[in-house]
Each structure stands twice: as structure tokens, then as C-alpha cells.
Amino acid sequence: RNCRRDSDSGPQTKYWCYVDADDVEACLANKFRVFQDKAKKFFTYDLCTAPTSSQQCQCSGLGAYPPTTEKSFEHMLWPNKLNYGSSCADWNDNGHSWCYVGFDSTCADRKGRQRYTQEDTKNLFADVVAKPLQFKSQLPCLGEAQDEIEELATQRCWVFKVIAFTTIVAHLFFGRILAGCLLHAFIANRCTDPVTVESQFDVTFSDDEEFVAGGGPTEDAEAEDKENDAAR
């Protein structure tokens with residue numbers, strides 16, 4: 001069975017695999033802890049965390065006959081071609097090195113096991129066809145590239161962390177200044193909302209008016225009336 005990642009393992013990644021009912025006693029005899037899930041299936045973490053397990057994500061060192069469906073470098077193969085995928089190499093001439101990682105693997109990029117066609121089975125020995133098929137992966141072949149990718153990711157993470165921290169500090173600092181200005185304006189306005197007074201019309205005063213505010217005639221108007229009476 002293949003080792004699988006436990007999605008509920010928290011920050012520390014854990015791997016587990018199913019155990020056949022016939023192999024439970026053998027696991028217990030080797031001091032491997034065995035559990036049962038809700039479906040009454042047996043599983044264990046110990047097989048996938050042992051130092052010699054496939055958790056190491058390493059090349060198995062065991063090659064296999066190249067399927068006819070895959071392009072291979074002929075000059076890299078033995079006469080019997082059974083070293084195909086046994087170590088890190090660009091076996092398919094596509095610019096990517098890979099190797100077989102065994103029958104159980106926790107390599108994150110593992111690909112499905114190779115499949116022999118009917119044409120392959122006709123040309124191969126029975127023991128070759130009967131051999132268990134393996135997973136293939138590029139991770140064991142990356143080596144220094146993985147360290148470079150990890151370092152680059154760490155640097156980018158640090159940059160984003162600094163940007164996020166600066167943004168939060170600036171928000172808190174300038175936000176408090178703005179809040180203080182608004183609070184000061186509110187208190188200065190006697191804790192009330194601002195009221196805008198609009199003027200409906202303008203009042204103008206002039207000396208040419210004939211009537212005073214009370215509605216009576218002005219002195220000039222009275223004098224003019226007396227002159228008119230004398231002329232009559």
C-alpha cells in the first residue's frame with residue numbers, strides 16, 4: 001500500500017498507509033502500532049515513518065524495462081535495458097531528470113506507475129513482466145535546486161512579511177492621527193454635528209425709500225406734500 005499524507009496532522013506532516021488484515025500480526029510483532037478507522041480498515045503511521053521507509057523520497061536504485069510508450073535514451077541503457085530509471089538521469093530526453101522511487105512513495109510529485117503494453121509483454125520475460133511496477137519522481141534529482149527554491153521562497157516570504165508589518169503599523173499610526181483630528185473637531189463643535197445655515201434672501205437698506213419700516217411716510221414725502229398744497 002502507498003504511504004499517504006495525513007491532512008489532519010497539523011504543522012508536522014505525518015504519513016500513513018493501510019495494512020492488510022493478514023499482515024496485522026506481523027506489524028505488531030515488529031512493534032508497529034496498528035489502528036482502525038471508521039470503516040474498520042487497519043492502518044499505521046509507523047511503516048511510513050521508519051528510517052528505511054519510502055518517506056525519504058529517494059531513488060530506489062531498481063530499474064525497469066522502458067515501456068514502448070515512453071521515449072528513452074538508447075545510449076544510456078544496458079543491453080537488456082533493465083537499468084531504465086534506476087538513478088537520476090534525463091531518461092526521456094526532455095530536459096528533466098527523474099528516477100524510480102519504489103513501490104510505495106511519499107514523493108509529492110510522484111507519477112503513476114508505468115504500464116506495459118501487450119507488445120511489451122510479448123517481448124519480455126515473464127519474471128520482468130511480473131515484477132511490481134514503481135512510481136517515478138523528479139524530487140530526488142533536484143538536490144541543490146530544492147535548496148535554491150527554498151531559499152528563494154524564504155526571501156520572498158520575508159519581503160511580504162516586512163510589507164505587511166509596515167502596512168499595519170502605518171495604518172495604526174495614521175489612523176489614530178485621523179481619529180484624533182475628527183474627535184477634536186467634534187468636541188470643538190460642542191459635541192454636535194455641523195449645521196449649515198443657508199440664507200433665503202438678502203436685505204438691503206437705501207436712503208431713497210419712501211416709507212419707514214412702520215409703514216408711515218418719510219419726512220421728505222411730507223415736505224413734498226406741503227409744497228403741493230401751497231401751490232394749489
# chains A, B, ... in the order shown; residues from 1 in each chain; ligands from 1

call {"tool": "residues_around", "arguments": {"residues": "Ser60 (chain A)", "least_positions_apart": "2", "cutoff": "6 Å", "atoms": "only C-alpha atoms", "output": "VMD selection string"}}
result
chain A and resid 62 100 to 102

call {"tool": "write_last_selection", "arguments": {"atoms": "N, CA, C and O atoms", "output": "PDB file, in the first residue's frame"}}
result
ATOM      1  N   LEU A  62      16.448   0.645  -8.430  1.00  0.00           N
ATOM      2  CA  LEU A  62      15.969  -0.514  -9.182  1.00  0.00           C
ATOM      3  C   LEU A  62      15.353  -0.040 -10.488  1.00  0.00           C
ATOM      4  O   LEU A  62      14.368   0.707 -10.487  1.00  0.00           O
ATOM      5  N   TYR A 100      13.069   6.128 -10.611  1.00  0.00           N
ATOM      6  CA  TYR A 100      12.030   5.365  -9.939  1.00  0.00           C
ATOM      7  C   TYR A 100      12.261   5.456  -8.427  1.00  0.00           C
ATOM      8  O   TYR A 100      13.396   5.386  -7.950  1.00  0.00           O
ATOM      9  N   VAL A 101      11.163   5.603  -7.676  1.00  0.00           N
ATOM     10  CA  VAL A 101      11.264   5.800  -6.225  1.00  0.00           C
ATOM     11  C   VAL A 101      10.628   4.664  -5.438  1.00  0.00           C
ATOM     12  O   VAL A 101      10.385   4.804  -4.238  1.00  0.00           O
ATOM     13  N   GLY A 102      10.376   3.575  -6.097  1.00  0.00           N
ATOM     14  CA  GLY A 102       9.883   2.416  -5.371  1.00  0.00           C
ATOM     15  C   GLY A 102       8.400   2.162  -5.562  1.00  0.00           C
ATOM     16  O   GLY A 102       7.703   2.857  -6.295  1.00  0.00           O
TER      17      GLY A 102
END

call {"tool": "residues_around", "arguments": {"residues": "region 57-59 of chain A", "least_positions_apart": "6", "cutoff": "9 Å", "atoms": "only C-alpha atoms", "output": "ChimeraX atom specification"}}
result
/A:85-88,98-102,105-108,136-137,139-141

call {"tool": "closest_residue", "arguments": {"among": "A:Asp90, A:Asp193, A:Asp104, A:Glu151", "to": "Gln138 (chain A)", "atoms": "only C-alpha atoms"}}
result
A:Asp90

call {"tool": "residues_around", "arguments": {"residues": "Lys41 (chain A)", "least_positions_apart": "5", "cutoff": "12 Å", "atoms": "only C-alpha atoms", "output": "list in words"}}
result
Cys17, Tyr18, Val19, Asp20, Ala21, Asp22, Val24, Val34, Phe35 and Gln36 of chain A

call {"tool": "atom_distance", "arguments": {"atom1": "CA of Phe135 (chain A)", "atom2": "CA of Gly112 (chain A)"}}
result
5.7 Å

call {"tool": "atom_distance", "arguments": {"atom1": "CA of Gly175 (chain A)", "atom2": "CA of Arg156 (chain A)"}}
result
28.0 Å

call {"tool": "select_by_dssp", "arguments": {"residues": "region 40-110 of chain A", "states": "strand (DSSP E or B)", "output": "list in words"}}
result
Phe42, Phe43, Thr44, Ala89, Trp98, Cys99, Tyr100, Val101 and Gly102 of chain A

call {"tool": "closest_residue", "arguments": {"among": "A:Thr166, A:Leu47, A:Leu172, A:Tyr84", "to": "Ala26 (chain A)", "atoms": "only C-alpha atoms"}}
result
A:Leu47

call {"tool": "atom_distance", "arguments": {"atom1": "CA of Lys14 (chain A)", "atom2": "CA of Gly61 (chain A)"}}
result
25.0 Å

call {"tool": "closest_residue", "arguments": {"among": "A:Asn189, A:Glu227, A:Leu77, A:Arg4", "to": "Arg110 (chain A)", "atoms": "only C-alpha atoms"}}
result
A:Arg4

call {"tool": "decode", "arguments": {"residues": "region 65-80 of chain A", "atoms": "N, CA, C and O atoms", "output": "short mmCIF file (atom, residue, chain, number, x, y, z; two decimals), in the first residue's frame"}}
result
data_model
loop_
_atom_site.label_atom_id
_atom_site.label_comp_id
_atom_site.auth_asym_id
_atom_site.auth_seq_id
_atom_site.Cartn_x
_atom_site.Cartn_y
_atom_site.Cartn_z
N TYR A 65 12.37 -2.26 -17.38
CA TYR A 65 12.39 -2.21 -18.84
C TYR A 65 11.56 -1.02 -19.32
O TYR A 65 10.42 -0.83 -18.88
N PRO A 66 12.09 -0.18 -20.21
CA PRO A 66 11.35 1.01 -20.65
C PRO A 66 10.14 0.63 -21.49
O PRO A 66 10.27 -0.12 -22.46
N PRO A 67 8.97 1.13 -21.16
CA PRO A 67 7.78 0.86 -21.98
C PRO A 67 7.94 1.47 -23.37
O PRO A 67 8.62 2.49 -23.54
N THR A 68 7.32 0.87 -24.34
CA THR A 68 7.40 1.40 -25.71
C THR A 68 6.67 2.72 -25.84
O THR A 68 6.89 3.45 -26.81
N THR A 69 5.81 3.04 -24.87
CA THR A 69 5.07 4.30 -24.92
C THR A 69 5.93 5.48 -24.48
O THR A 69 5.51 6.63 -24.62
N GLU A 70 7.14 5.24 -23.96
CA GLU A 70 8.00 6.31 -23.49
C GLU A 70 9.28 6.35 -24.32
O GLU A 70 9.90 5.30 -24.58
N LYS A 71 9.66 7.56 -24.69
CA LYS A 71 10.91 7.75 -25.42
C LYS A 71 12.08 7.62 -24.45
O LYS A 71 12.04 8.15 -23.34
N SER A 72 13.11 6.93 -24.81
CA SER A 72 14.25 6.73 -23.91
C SER A 72 15.55 6.93 -24.66
O SER A 72 15.63 6.78 -25.88
N PHE A 73 16.60 7.31 -23.91
CA PHE A 73 17.93 7.46 -24.46
C PHE A 73 18.55 6.08 -24.61
O PHE A 73 18.89 5.43 -23.62
N GLU A 74 18.74 5.65 -25.81
CA GLU A 74 19.24 4.29 -26.03
C GLU A 74 20.68 4.14 -25.54
O GLU A 74 21.05 3.09 -25.02
N HIS A 75 21.49 5.19 -25.69
CA HIS A 75 22.89 5.06 -25.31
C HIS A 75 23.09 4.98 -23.80
O HIS A 75 24.17 4.64 -23.32
N MET A 76 22.07 5.29 -23.03
CA MET A 76 22.17 5.23 -21.58
C MET A 76 21.74 3.87 -21.03
O MET A 76 21.92 3.59 -19.84
N LEU A 77 21.17 3.04 -21.87
CA LEU A 77 20.61 1.78 -21.40
C LEU A 77 21.61 0.64 -21.53
O LEU A 77 22.48 0.63 -22.40
N TRP A 78 21.46 -0.31 -20.63
CA TRP A 78 22.24 -1.54 -20.74
C TRP A 78 21.73 -2.34 -21.94
O TRP A 78 20.68 -2.03 -22.50
N PRO A 79 22.45 -3.34 -22.32
CA PRO A 79 21.95 -4.19 -23.42
C PRO A 79 20.57 -4.78 -23.14
O PRO A 79 19.75 -4.90 -24.06
N ASN A 80 20.30 -5.13 -21.87
CA ASN A 80 18.97 -5.67 -21.57
C ASN A 80 17.97 -4.56 -21.18
O ASN A 80 16.80 -4.86 -20.92
#
